[in-house]
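Content type mmCIF, C-alpha atoms, from the file model.cif:
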```cif
data_start
#
loop_
_atom_site.label_atom_id
_atom_site.label_comp_id
_atom_site.auth_asym_id
_atom_site.auth_seq_id
_atom_site.Cartn_x
_atom_site.Cartn_y
_atom_site.Cartn_z
CA MET A 4 -10.97 28.55 35.15
CA ALA A 5 -8.53 26.48 33.12
CA ASP A 6 -5.63 24.62 34.70
CA MET A 7 -2.32 26.45 34.65
CA ILE A 8 1.29 25.42 34.53
CA ASP A 9 4.12 27.62 35.74
CA VAL A 10 6.80 28.10 33.09
CA ASP A 11 9.62 30.47 34.09
CA GLY A 12 7.21 32.36 36.34
CA LYS A 13 4.65 32.68 33.55
CA GLN A 14 1.24 31.02 33.94
CA LEU A 15 0.18 29.10 30.83
CA ALA A 16 -3.28 27.57 30.41
CA VAL A 17 -3.62 23.83 29.73
CA ASP A 18 -6.72 21.72 29.06
CA GLU A 19 -8.09 19.04 31.39
CA GLU A 20 -5.64 16.49 29.96
CA GLY A 21 -2.66 18.79 30.33
CA TYR A 22 -2.27 19.86 26.70
CA LEU A 23 -1.24 23.48 26.15
CA ALA A 24 -4.31 25.60 25.37
CA ASP A 25 -2.49 27.91 22.92
CA LEU A 26 0.30 26.31 20.96
CA ASN A 27 1.72 29.74 20.14
CA GLU A 28 2.67 30.09 23.81
CA TRP A 29 5.07 27.16 23.58
CA VAL A 30 8.70 27.63 24.52
CA PRO A 31 11.19 24.76 25.04
CA CYS A 32 10.84 25.23 28.78
CA VAL A 33 7.20 24.06 28.53
CA ALA A 34 8.48 20.60 27.64
CA THR A 35 10.97 20.65 30.52
CA VAL A 36 8.29 21.64 33.04
CA MET A 37 5.79 19.05 31.76
CA ALA A 38 8.48 16.36 31.78
CA LYS A 39 9.35 17.17 35.37
CA GLN A 40 5.67 16.70 36.29
CA ASP A 41 5.85 13.26 34.67
CA ASN A 42 9.15 12.50 36.49
CA LEU A 43 11.14 12.52 33.25
CA GLU A 44 14.48 14.10 32.47
CA LEU A 45 14.58 15.21 28.84
CA THR A 46 17.58 14.01 26.85
CA GLU A 47 18.72 14.84 23.35
CA GLU A 48 16.77 11.78 22.13
CA HIS A 49 13.56 13.22 23.61
CA TRP A 50 14.23 16.57 21.98
CA ASP A 51 14.72 14.92 18.58
CA ILE A 52 11.16 13.59 18.78
CA ILE A 53 9.67 16.77 20.25
CA ASN A 54 11.28 18.94 17.56
CA PHE A 55 10.26 16.47 14.88
CA LEU A 56 6.64 16.64 16.05
CA ARG A 57 6.68 20.42 16.00
CA GLU A 58 8.04 20.45 12.44
CA TYR A 59 5.45 17.90 11.38
CA TYR A 60 2.66 20.01 12.88
CA GLU A 61 4.03 23.15 11.23
CA GLU A 62 3.88 21.45 7.83
CA TYR A 63 0.71 19.36 8.07
CA GLN A 64 -1.31 21.09 10.84
CA ILE A 65 -1.92 17.86 12.74
CA ALA A 66 -0.30 15.76 15.43
CA PRO A 67 0.20 12.28 13.95
CA ALA A 68 -1.35 9.13 15.43
CA VAL A 69 1.13 6.87 17.19
CA ARG A 70 1.42 4.32 14.38
CA VAL A 71 2.05 7.10 11.88
CA LEU A 72 4.56 8.72 14.22
CA THR A 73 6.50 5.45 14.47
CA LYS A 74 6.61 5.12 10.71
CA ILE A 75 7.67 8.67 9.92
CA VAL A 76 10.25 8.80 12.72
CA GLY A 77 11.79 5.69 11.16
CA LYS A 78 11.83 7.43 7.82
CA LYS A 79 13.35 10.69 9.10
CA LEU A 80 15.48 9.74 12.12
CA GLY A 81 16.48 6.19 11.22
CA LYS A 82 15.01 2.70 11.44
CA ASP A 83 16.47 2.09 14.93
CA LYS A 84 14.25 4.93 16.24
CA GLY A 85 11.16 4.12 14.21
CA ASN A 86 9.81 1.40 16.47
CA SER A 87 7.38 1.58 19.35
CA LYS A 88 9.80 -0.04 21.85
CA TYR A 89 12.29 2.80 21.43
CA LEU A 90 9.60 5.50 21.47
CA TYR A 91 7.87 4.05 24.55
CA SER A 92 11.22 3.90 26.33
CA LEU A 93 11.50 7.65 25.82
CA PHE A 94 7.85 8.48 26.45
CA PRO A 95 6.34 5.85 28.77
CA TYR A 96 2.86 7.44 28.70
CA GLY A 97 2.66 6.89 24.95
CA PRO A 98 4.95 8.47 22.36
CA ALA A 99 2.23 10.34 20.51
CA LYS A 100 0.21 11.50 23.50
CA GLN A 101 3.05 12.43 25.83
CA ALA A 102 5.50 13.77 23.25
CA CYS A 103 2.76 15.86 21.61
CA ARG A 104 1.87 17.29 24.99
CA PHE A 105 5.51 18.23 25.65
CA ALA A 106 5.69 19.75 22.15
CA GLY A 107 2.69 21.97 22.88
CA LEU A 108 0.54 20.27 20.23
CA PRO A 109 -3.06 19.18 20.58
CA LYS A 110 -3.83 15.54 21.37
CA PRO A 111 -3.14 13.48 18.24
CA THR A 112 -6.03 12.78 15.88
CA GLY A 113 -6.92 9.12 16.22
CA CYS A 114 -6.07 8.87 19.91
CA VAL A 115 -8.90 7.80 22.18
CA MET B 27 -5.66 -2.61 16.20
CA SER B 28 -9.10 -3.65 15.06
CA GLU B 29 -9.59 -7.08 13.58
CA ILE B 30 -12.47 -6.22 11.31
CA VAL B 31 -11.19 -4.46 8.22
CA LYS B 32 -13.71 -2.72 6.03
CA LYS B 33 -13.37 -0.89 2.75
CA ILE B 34 -14.61 2.56 3.60
CA LEU B 35 -15.31 5.20 0.96
CA TYR B 36 -15.57 8.79 2.14
CA LEU B 37 -17.64 10.93 -0.18
CA ASN B 38 -16.79 14.63 0.14
CA ARG B 39 -19.18 17.05 -1.50
CA LYS B 40 -18.79 20.30 0.48
CA ALA B 41 -16.47 23.27 0.02
CA PRO B 42 -13.98 23.92 2.86
CA TYR B 43 -14.35 26.74 5.45
CA GLY B 44 -17.97 27.71 4.70
CA THR B 45 -19.17 24.71 6.69
CA ILE B 46 -17.44 22.29 9.06
CA TYR B 47 -18.08 19.20 6.90
CA ALA B 48 -14.70 19.14 5.14
CA TRP B 49 -12.63 19.30 8.32
CA GLU B 50 -14.91 16.84 10.16
CA SER B 51 -14.59 14.39 7.28
CA LEU B 52 -10.81 14.67 7.25
CA GLU B 53 -10.62 13.99 11.00
CA VAL B 54 -12.79 10.87 10.67
CA VAL B 55 -10.70 9.74 7.69
CA LEU B 56 -7.49 10.04 9.72
CA ILE B 57 -9.00 8.22 12.67
CA SER B 58 -10.30 5.32 10.59
CA ALA B 59 -7.02 5.11 8.67
CA ALA B 60 -5.14 4.99 11.99
CA PHE B 61 -7.32 1.98 12.91
CA ASP B 62 -6.14 0.00 9.88
CA GLN B 63 -9.26 0.30 7.76
CA VAL B 64 -8.95 0.41 3.98
CA VAL B 65 -9.83 4.02 3.29
CA SER B 66 -10.60 5.72 -0.01
CA LEU B 67 -11.66 9.31 -0.55
CA MET B 68 -13.78 10.67 -3.35
CA PHE B 69 -14.22 14.38 -3.96
CA MET B 70 -17.11 15.63 -6.06
CA ASP B 71 -19.33 18.70 -6.49
CA ASP B 72 -18.02 21.55 -4.27
CA GLY B 73 -15.90 18.95 -2.44
CA VAL B 74 -13.25 19.31 -5.16
CA TYR B 75 -12.51 22.78 -3.73
CA GLN B 76 -11.06 21.04 -0.64
CA LEU B 77 -8.05 19.96 -2.69
CA VAL B 78 -7.32 23.29 -4.42
CA LYS B 79 -3.68 24.16 -3.78
CA GLY B 80 -2.42 27.43 -2.33
CA GLN B 81 -5.14 27.86 0.31
CA ASP B 82 -4.39 30.39 3.05
CA PRO B 83 -7.20 30.95 5.57
CA SER B 84 -5.08 33.04 7.96
CA GLY B 85 -7.11 36.11 6.94
CA ILE B 86 -10.41 34.52 8.01
CA GLY B 87 -9.08 33.16 11.28
CA MET B 88 -9.34 29.49 10.39
CA LYS B 89 -6.95 26.56 10.50
CA ASN B 90 -5.26 25.73 7.20
CA PHE B 91 -6.25 22.09 7.07
CA SER B 92 -5.60 21.95 3.33
CA SER B 93 -1.99 21.02 4.23
CA THR B 94 -3.31 18.09 6.27
CA TYR B 95 -4.50 16.26 3.11
CA ARG B 96 -0.83 15.84 2.19
CA THR B 97 -0.34 13.63 5.24
CA LEU B 98 -2.83 11.02 3.97
CA GLY B 99 0.04 9.04 2.43
CA ASP B 100 1.63 8.73 5.89
CA TYR B 101 -1.70 7.28 7.09
CA GLU B 102 -1.47 4.66 4.34
CA VAL B 103 -4.39 6.07 2.43
CA LYS B 104 -3.58 5.24 -1.16
CA ASN B 105 -6.76 6.13 -3.03
CA VAL B 106 -7.88 9.72 -3.51
CA TYR B 107 -10.30 10.24 -6.37
CA VAL B 108 -11.66 13.44 -7.89
CA ASP B 109 -14.71 13.59 -10.14
CA ARG B 110 -13.77 14.95 -13.56
CA ASP B 111 -17.16 16.58 -14.27
CA SER B 112 -17.10 18.46 -10.97
CA LEU B 113 -13.69 19.92 -11.81
CA ALA B 114 -14.81 20.90 -15.31
CA ALA B 115 -17.97 22.62 -14.03
CA ARG B 116 -15.72 24.80 -11.86
CA GLY B 117 -13.12 25.61 -14.51
CA LEU B 118 -10.52 23.51 -12.69
CA THR B 119 -8.08 20.79 -13.76
CA ALA B 120 -5.78 18.41 -11.90
CA ASP B 121 -3.12 21.18 -12.12
CA ASN B 122 -5.14 23.25 -9.63
CA LEU B 123 -5.06 20.51 -7.00
CA VAL B 124 -2.58 19.54 -4.30
CA GLN B 125 -0.42 16.49 -4.87
CA ILE B 126 -0.33 13.77 -2.24
CA ALA B 127 2.68 11.46 -2.15
CA TRP B 128 2.53 7.89 -0.91
CA GLU B 129 5.28 5.51 0.10
CA ASP B 130 5.42 2.02 1.55
CA VAL B 131 8.42 2.15 3.93
CA ASP B 132 8.70 -1.65 4.01
CA THR B 133 8.69 -2.36 0.28
CA GLY B 134 10.04 1.00 -0.86
CA GLU B 135 7.13 1.31 -3.29
CA GLU B 136 6.48 4.97 -4.03
CA MET B 137 3.84 7.07 -5.75
CA GLU B 138 4.48 10.73 -6.43
CA ASN B 139 0.79 11.62 -6.45
CA ILE B 140 -2.20 9.51 -5.42
CA VAL B 141 -4.78 12.11 -6.45
CA THR B 142 -6.58 10.59 -9.44
CA VAL B 143 -9.17 12.27 -11.64
CA ILE B 144 -11.91 9.80 -12.58
CA ASP B 145 -15.09 9.60 -14.65
CA ALA B 146 -18.53 8.97 -13.21
CA SER B 147 -18.49 5.34 -14.40
CA ARG B 148 -15.37 4.65 -12.29
CA GLY B 149 -16.95 6.48 -9.35
CA CYS B 150 -19.97 4.23 -9.66
CA GLU B 151 -17.75 1.14 -9.51
CA LEU B 152 -15.92 2.45 -6.44
CA MET B 153 -19.20 3.00 -4.62
CA ALA B 154 -20.27 -0.55 -5.48
CA GLU B 155 -16.95 -2.00 -4.28
CA ALA B 156 -17.00 -0.23 -0.89
CA ASP B 157 -18.39 -1.96 2.21
CA VAL B 158 -19.47 1.38 3.62
CA VAL B 159 -19.88 4.85 2.11
CA PHE B 160 -19.70 7.79 4.50
CA SER B 161 -21.03 11.12 3.19
CA PHE B 162 -19.87 14.54 4.18
CA MET C 17 -28.47 55.13 -2.21
CA ASN C 18 -28.51 51.55 -3.41
CA ILE C 19 -28.79 48.23 -1.71
CA LEU C 20 -25.75 46.09 -0.94
CA HIS C 21 -26.54 42.41 -1.35
CA THR C 22 -24.31 39.79 0.23
CA VAL C 23 -24.19 36.17 -0.93
CA ASN C 24 -22.36 33.61 1.23
CA LYS C 25 -23.33 30.33 -0.46
CA SER C 26 -21.70 28.47 -3.32
CA PRO C 27 -23.61 28.97 -6.59
CA PHE C 28 -23.31 25.24 -7.23
CA GLU C 29 -25.03 24.21 -4.05
CA ARG C 30 -27.75 26.77 -3.37
CA THR C 31 -29.93 29.14 -5.34
CA SER C 32 -28.90 32.16 -3.22
CA LEU C 33 -26.88 33.77 -6.02
CA ASP C 34 -29.56 33.25 -8.68
CA SER C 35 -32.26 34.69 -6.44
CA CYS C 36 -30.05 37.62 -5.50
CA LEU C 37 -29.23 38.45 -9.12
CA LYS C 38 -32.89 38.14 -10.07
CA PHE C 39 -33.98 40.66 -7.45
CA ALA C 40 -30.99 43.02 -7.40
CA ALA C 41 -32.04 46.33 -8.98
CA PRO C 42 -29.82 48.02 -11.58
CA GLY C 43 -27.08 49.96 -9.79
CA ALA C 44 -27.11 47.68 -6.77
CA ALA C 45 -23.91 46.16 -5.36
CA VAL C 46 -23.42 42.45 -4.80
CA LEU C 47 -20.66 41.31 -2.45
CA LEU C 48 -19.65 37.65 -2.60
CA ILE C 49 -18.37 36.35 0.75
CA GLU C 50 -17.47 32.96 2.30
CA ASP C 51 -18.42 30.15 -0.12
CA GLY C 52 -20.13 32.79 -2.27
CA VAL C 53 -16.72 33.79 -3.67
CA TYR C 54 -16.70 30.68 -5.87
CA ALA C 55 -19.19 32.53 -8.08
CA ALA C 56 -16.52 35.13 -8.87
CA LEU C 57 -14.16 32.63 -10.55
CA ARG C 58 -13.82 32.45 -14.31
CA ASP C 59 -14.71 29.45 -16.47
CA THR C 60 -17.24 27.97 -14.03
CA GLY C 61 -20.78 26.85 -14.74
CA ALA C 62 -22.00 30.03 -13.03
CA ALA C 63 -19.73 32.47 -14.91
CA ALA C 64 -22.20 33.25 -17.74
CA ARG C 65 -24.90 34.33 -15.26
CA VAL C 66 -22.42 36.46 -13.32
CA LYS C 67 -21.09 38.14 -16.48
CA ASP C 68 -24.64 38.89 -17.54
CA ALA C 69 -25.38 40.46 -14.14
CA LEU C 70 -22.25 42.64 -14.38
CA LYS C 71 -24.05 44.64 -17.08
CA THR C 72 -26.44 46.07 -14.48
CA VAL C 73 -24.96 45.57 -11.00
CA LYS C 74 -21.52 45.98 -9.42
CA ILE C 75 -20.03 42.74 -8.12
CA TYR C 76 -17.30 42.37 -5.53
CA ALA C 77 -15.60 39.42 -3.82
CA LEU C 78 -14.09 39.48 -0.34
CA GLY C 79 -10.30 39.08 -0.62
CA PRO C 80 -9.61 37.10 2.59
CA ASP C 81 -12.28 34.54 1.60
CA LEU C 82 -10.72 34.16 -1.86
CA LYS C 83 -7.23 33.79 -0.41
CA ALA C 84 -8.44 31.21 2.13
CA ARG C 85 -9.78 29.07 -0.71
CA GLY C 86 -6.60 29.27 -2.80
CA PHE C 87 -7.69 31.92 -5.32
CA ALA C 88 -6.55 35.44 -6.16
CA GLU C 89 -7.65 38.39 -8.31
CA GLY C 90 -6.20 36.75 -11.45
CA HIS C 91 -8.73 33.91 -11.21
CA LEU C 92 -11.73 36.23 -11.31
CA ILE C 93 -14.18 37.18 -14.02
CA PRO C 94 -13.00 40.60 -15.33
CA GLY C 95 -15.06 43.42 -13.87
CA ILE C 96 -15.37 41.92 -10.39
CA GLY C 97 -13.65 43.98 -7.68
CA VAL C 98 -11.83 42.58 -4.67
CA LEU C 99 -12.51 44.14 -1.25
CA ASP C 100 -10.82 43.69 2.11
CA TYR C 101 -12.73 43.94 5.40
CA ALA C 102 -12.32 47.73 5.53
CA GLY C 103 -13.67 47.95 1.98
CA PHE C 104 -16.65 45.83 3.04
CA VAL C 105 -17.39 48.30 5.84
CA ASP C 106 -17.04 51.30 3.51
CA LEU C 107 -19.35 49.70 0.97
CA ALA C 108 -21.92 48.86 3.64
CA ALA C 109 -21.76 52.43 4.99
CA ALA C 110 -22.23 53.85 1.48
CA SER C 111 -25.31 51.68 0.86
CA ALA C 112 -28.89 52.35 1.93
CA LYS C 113 -29.07 48.92 3.52
CA VAL C 114 -27.49 45.51 3.47
CA GLN C 115 -29.52 42.55 2.35
CA ALA C 116 -28.11 39.08 3.05
CA TRP C 117 -28.88 36.08 0.83
CA LEU C 118 -28.20 33.12 3.07
#
```

Would you mind writing the file's structure down as structure tokens?
Amino acid sequence: MADMIDVDGKQLAVDEEGYLADLNEWVPCVATVMAKQDNLELTEEHWDIINFLREYYEEYQIAPAVRVLTKIVGKKLGKDKGNSKYLYSLFPYGPAKQACRFAGLPKPTGCV
Amino acid sequence: MSEIVKKILYLNRKAPYGTIYAWESLEVVLISAAFDQVVSLMFMDDGVYQLVKGQDPSGIGMKNFSSTYRTLGDYEVKNVYVDRDSLAARGLTADNLVQIAWEDVDTGEEMENIVTVIDASRGCELMAEADVVFSF
Amino acid sequence: MNILHTVNKSPFERTSLDSCLKFAAPGAAVLLIEDGVYAALRDTGAAARVKDALKTVKIYALGPDLKARGFAEGHLIPGIGVLDYAGFVDLAAASAKVQAWL
């Protein structure tokens, strides 16, 4: 039996590391619920990264490794956001791992 | 990041979807590129089919990882080579293949397409220059 | 009723297609699936053998496998038909048996 998270009264399956089992089941509320579990309040800055990751996955079919994420965020959202200090301040458990999890994506390729 | 930097050449000789080799290779490529290794890819034999543009495996229930090759530039992979003879034997040209853009965000250096069609003699040199050749 | 042969390997990597075409009796049907669909494309090193075989056997390619690999009907050797999954089933049902060349 897989682990479940409760999103708006709906039970969604997650893997042993908390990543959503079926990315098609994702709704924005998934991110809110997962953030609450991690004691985080999602701000507009968080959503920028989460939405960016979802768009990136839609286009390239992968979740980027953290170094790549930093680089492309800098390219798309501005240099002040494309650095690991900023991204870690938003996602203390690791910008790629935690943000990808909130975005309903699989664990990034290249993460150990 | 790792301190030992090797020149790794990935040799891709299998068609996508029919076997898992192509996807497995791409995952290893992305992982090694994320660990700062100098990564080159060479496609030959049926491996050239991995780069054919316009793939859509939704009808066979598989992931469309052909779009993932276009992210190689983001992973700082700058060298993607395709064997000319393998293309010719399959009635294909560079026009049938995806284009992969590359950009150095620090220097602003840009390349519109890093996919390069090469002859066997160049392929031979690339294999000699590499520290390691991984075959898929 | 005739035999339906299926070939799921690339003609450039295995001898499955050559063996199939050698043993397929006149009037038989050959369905190219998975990596076998590469044999249906024009201007390849295998095209001459496939065209030759078309004189005696019917050859089809499975549409979803072509589409997955980035090819469509326009890329095929003339005379090769494209089937969807339902067409595959119909063809199998209309054949005496199905013989797979792996």

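Nearest-residue note for Phe28 of chain C: choosing from B:Val64, B:Val131, B:Met70, B:Leu77, the minimum distance belongs to B:Met70, counting only C-alpha atoms.
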
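Atom CA of Ala99 of chain A is positioned 6.6 Å from atom CA of Pro111 of chain A.
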
Let me know the residues the PyMOL selection byres ((chain B) within 7 of (chain C)) catches in the file above, as a PDB file with C-alpha atoms, keeping the file's coordinate frame.
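Result written to part.pdb:
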```pdb
ATOM      1  CA  GLY B  44     -17.970  27.710   4.700  1.00  0.00           C
ATOM      2  CA  VAL B  78      -7.320  23.290  -4.420  1.00  0.00           C
ATOM      3  CA  LYS B  79      -3.680  24.160  -3.780  1.00  0.00           C
ATOM      4  CA  GLY B  80      -2.420  27.430  -2.330  1.00  0.00           C
ATOM      5  CA  GLN B  81      -5.140  27.860   0.310  1.00  0.00           C
ATOM      6  CA  ASP B  82      -4.390  30.390   3.050  1.00  0.00           C
ATOM      7  CA  PRO B  83      -7.200  30.950   5.570  1.00  0.00           C
ATOM      8  CA  SER B  84      -5.080  33.040   7.960  1.00  0.00           C
ATOM      9  CA  GLY B  85      -7.110  36.110   6.940  1.00  0.00           C
ATOM     10  CA  ILE B  86     -10.410  34.520   8.010  1.00  0.00           C
ATOM     11  CA  ALA B 115     -17.970  22.620 -14.030  1.00  0.00           C
ATOM     12  CA  ARG B 116     -15.720  24.800 -11.860  1.00  0.00           C
ATOM     13  CA  GLY B 117     -13.120  25.610 -14.510  1.00  0.00           C
TER      14      GLY B 117
END
```

I'd like to see the residues matched by the PyMOL selection byres ((chain B and resi 92) around 7) on this file, and ideally I'd get them as a list in words.
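On the file shown, the PyMOL selection byres ((chain B and resi 92) around 7) covers Gln76, Leu77, Gln81, Asn90, Phe91, Ser93, Thr94 and Tyr95 of chain B.
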
Picked residues, the PyMOL selection byres ((chain A) within 9 of (chain B)), expected as a VMD selection string:
chain A and resid 62 to 65 67 to 72 74 to 75 77 to 78 112 to 114

File of the preceding selection, C-alpha atoms, as a compact mmCIF listing (two decimals), in the coordinates of the input:
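Full text of selection-v2.txt as output:
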```txt
# COMPACT_ATOMS: atom_id res chain seq x y z
CA GLU A 62 3.88 21.45 7.83
CA TYR A 63 0.71 19.36 8.07
CA GLN A 64 -1.31 21.09 10.84
CA ILE A 65 -1.92 17.86 12.74
CA PRO A 67 0.20 12.28 13.95
CA ALA A 68 -1.35 9.13 15.43
CA VAL A 69 1.13 6.87 17.19
CA ARG A 70 1.42 4.32 14.38
CA VAL A 71 2.05 7.10 11.88
CA LEU A 72 4.56 8.72 14.22
CA LYS A 74 6.61 5.12 10.71
CA ILE A 75 7.67 8.67 9.92
CA GLY A 77 11.79 5.69 11.16
CA LYS A 78 11.83 7.43 7.82
CA THR A 112 -6.03 12.78 15.88
CA GLY A 113 -6.92 9.12 16.22
CA CYS A 114 -6.07 8.87 19.91
```

Mind checking which residues fall within 12 Å of Lys71 of chain C, counting all atoms listed in the file, ignoring those fewer than 6 positions away in the same chain, and posting them as a PyMOL selection string?
chain C and resi 37+41-45+64-65+94-96

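Take atom CA of Ala56 of chain C and atom CA of Ile126 of chain B: the distance between them is 27.6 Å.
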
Show me the residues close to (-3.8, 20.3, 25.7) - anything with an atom within 8 Å, counting only C-alpha atoms - and format the list as a PyMOL selection string.
chain A and resi 17-24+104+107-110

With distances taken over only C-alpha atoms, which of C:Ala77, C:Ala109, C:Val66, C:Leu118 is nearest to Val23 of chain C?
C:Leu118

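Residues lying within 12 Å of (5.6, 13.7, 33.4). Counted over all atoms listed in the file, they are Gly21, Val33, Ala34, Thr35, Val36, Met37, Ala38, Lys39, Gln40, Asp41, Asn42, Leu43, Glu44, Leu45, Leu93, Phe94, Pro95, Tyr96, Gly97, Lys100, Gln101, Ala102, Arg104 and Phe105 of chain A.
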
Hey, can you check how far atom CA of Gln125 of chain B sits from atom CA of Asp83 of chain A?
29.7 Å
